[in-house]
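For reference, the structure discussed in these notes is given below.
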Amino acid sequence: KNQSFKPGREALMKLAKPIFPPPQDAEERKAVKPVICYPPETLDQPDLSTLEILRGGAVKVAEATAAPRDAACIEVPAGAFVRVVSVDGPQVGDLNMWSKHDLTERFYSGKTRAP
């Protein structure tokens, strides 16, 4: 039995003391300034009052739950709202979206990086 696991549910997710040493260039990697892929100042400002009205009439039509270290998919029609909720405490995840009819039209948050 590996004694380096944290007790409780966290044991399934993270070691209290990692088994593997950090890479030799770990400090150098940590020092790299993050790249902002989508600078906020380049985006059009949304019409929040209209969005609030639309959201008020929204009805949930689908739901998916992704297990740890797994994925889930749903089909979302154009113009619909998507809500992503963490159901079991703080979590990290990537959000990837593609157009059903044109796979070159896509959004992905995989370029995000935590310090």
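Residue numbering restarts at 1 in every chain; chains get A, B, ... in the order shown in the structure tokens, and ligands count up from 1 in that same order.
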- Message: Just list as a PyMOL selection string whatever in chain A DSSP marks as strand (DSSP E).
- Response: chain A and resi 96-98+106-108
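Summary of the local environment: counting only C-alpha atoms, residues at most 12 Å from range 82-87 of chain A, other than itself and those fewer than 4 positions away along its chain, are Arg55, Ala58, Val59, Lys60, Val61, Ala62, Glu63, Ala64, Thr65, Ala66, Ala67, Pro68, Ala72, Cys73, Ile74, Glu75, Val76, Pro77, Ala78, Gln91, Val92, Gly93, Asp94, Leu95, Asn96 and Met97 of chain A.
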- Query: When you draw a straight line from CA of Arg29 in chain A to CA of Asp70 in chain A, how long is it in Å?
  - Reply: 26.2 Å
- Item | Of the listed residues A:Gly89, A:Ala26, A:Phe81, A:Tyr108, that which approaches Gly56 in chain A most closely, counting only C-alpha atoms |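 Once distances to Gly56 in chain A are computed over only C-alpha atoms, the minimum belongs to A:Phe81.
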- Judged by only C-alpha atoms, the minimum distance to Ala80 in chain A among A:Ile19, A:Leu54, A:Leu43, A:Val35 is found for A:Leu54
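Rounded to one decimal, CA of Leu48 in chain A and CA of Ser109 in chain A lie 22.5 Å from each other.
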Extract the full set of helix (DSSP H, G or I) residues from range 34-64 of chain A according to DSSP on the backbone, and format it as a PDB file with C-alpha atoms, in the first residue's frame.
ATOM      1  CA  PRO A  40     -10.016  41.032 -23.295  1.00  0.00           C
ATOM      2  CA  GLU A  41      -9.459  44.458 -24.830  1.00  0.00           C
ATOM      3  CA  THR A  42      -9.705  42.949 -28.336  1.00  0.00           C
ATOM      4  CA  LEU A  48     -25.529  42.247 -21.110  1.00  0.00           C
ATOM      5  CA  SER A  49     -29.121  43.471 -20.731  1.00  0.00           C
ATOM      6  CA  THR A  50     -30.260  41.493 -23.794  1.00  0.00           C
ATOM      7  CA  LEU A  51     -28.319  38.424 -22.660  1.00  0.00           C
ATOM      8  CA  GLU A  52     -29.968  38.632 -19.227  1.00  0.00           C
ATOM      9  CA  ILE A  53     -33.430  38.690 -20.849  1.00  0.00           C
ATOM     10  CA  LEU A  54     -32.587  35.690 -23.034  1.00  0.00           C
ATOM     11  CA  ARG A  55     -31.077  33.796 -20.119  1.00  0.00           C
ATOM     12  CA  GLY A  56     -34.191  34.407 -18.033  1.00  0.00           C
TER      13      GLY A  56
END
- Point-to-point distance from CA of Ala16 in chain A to CA of Asp88 in chain A, Å rounded to tenths: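 Interatomic distance here is 19.3 Å.
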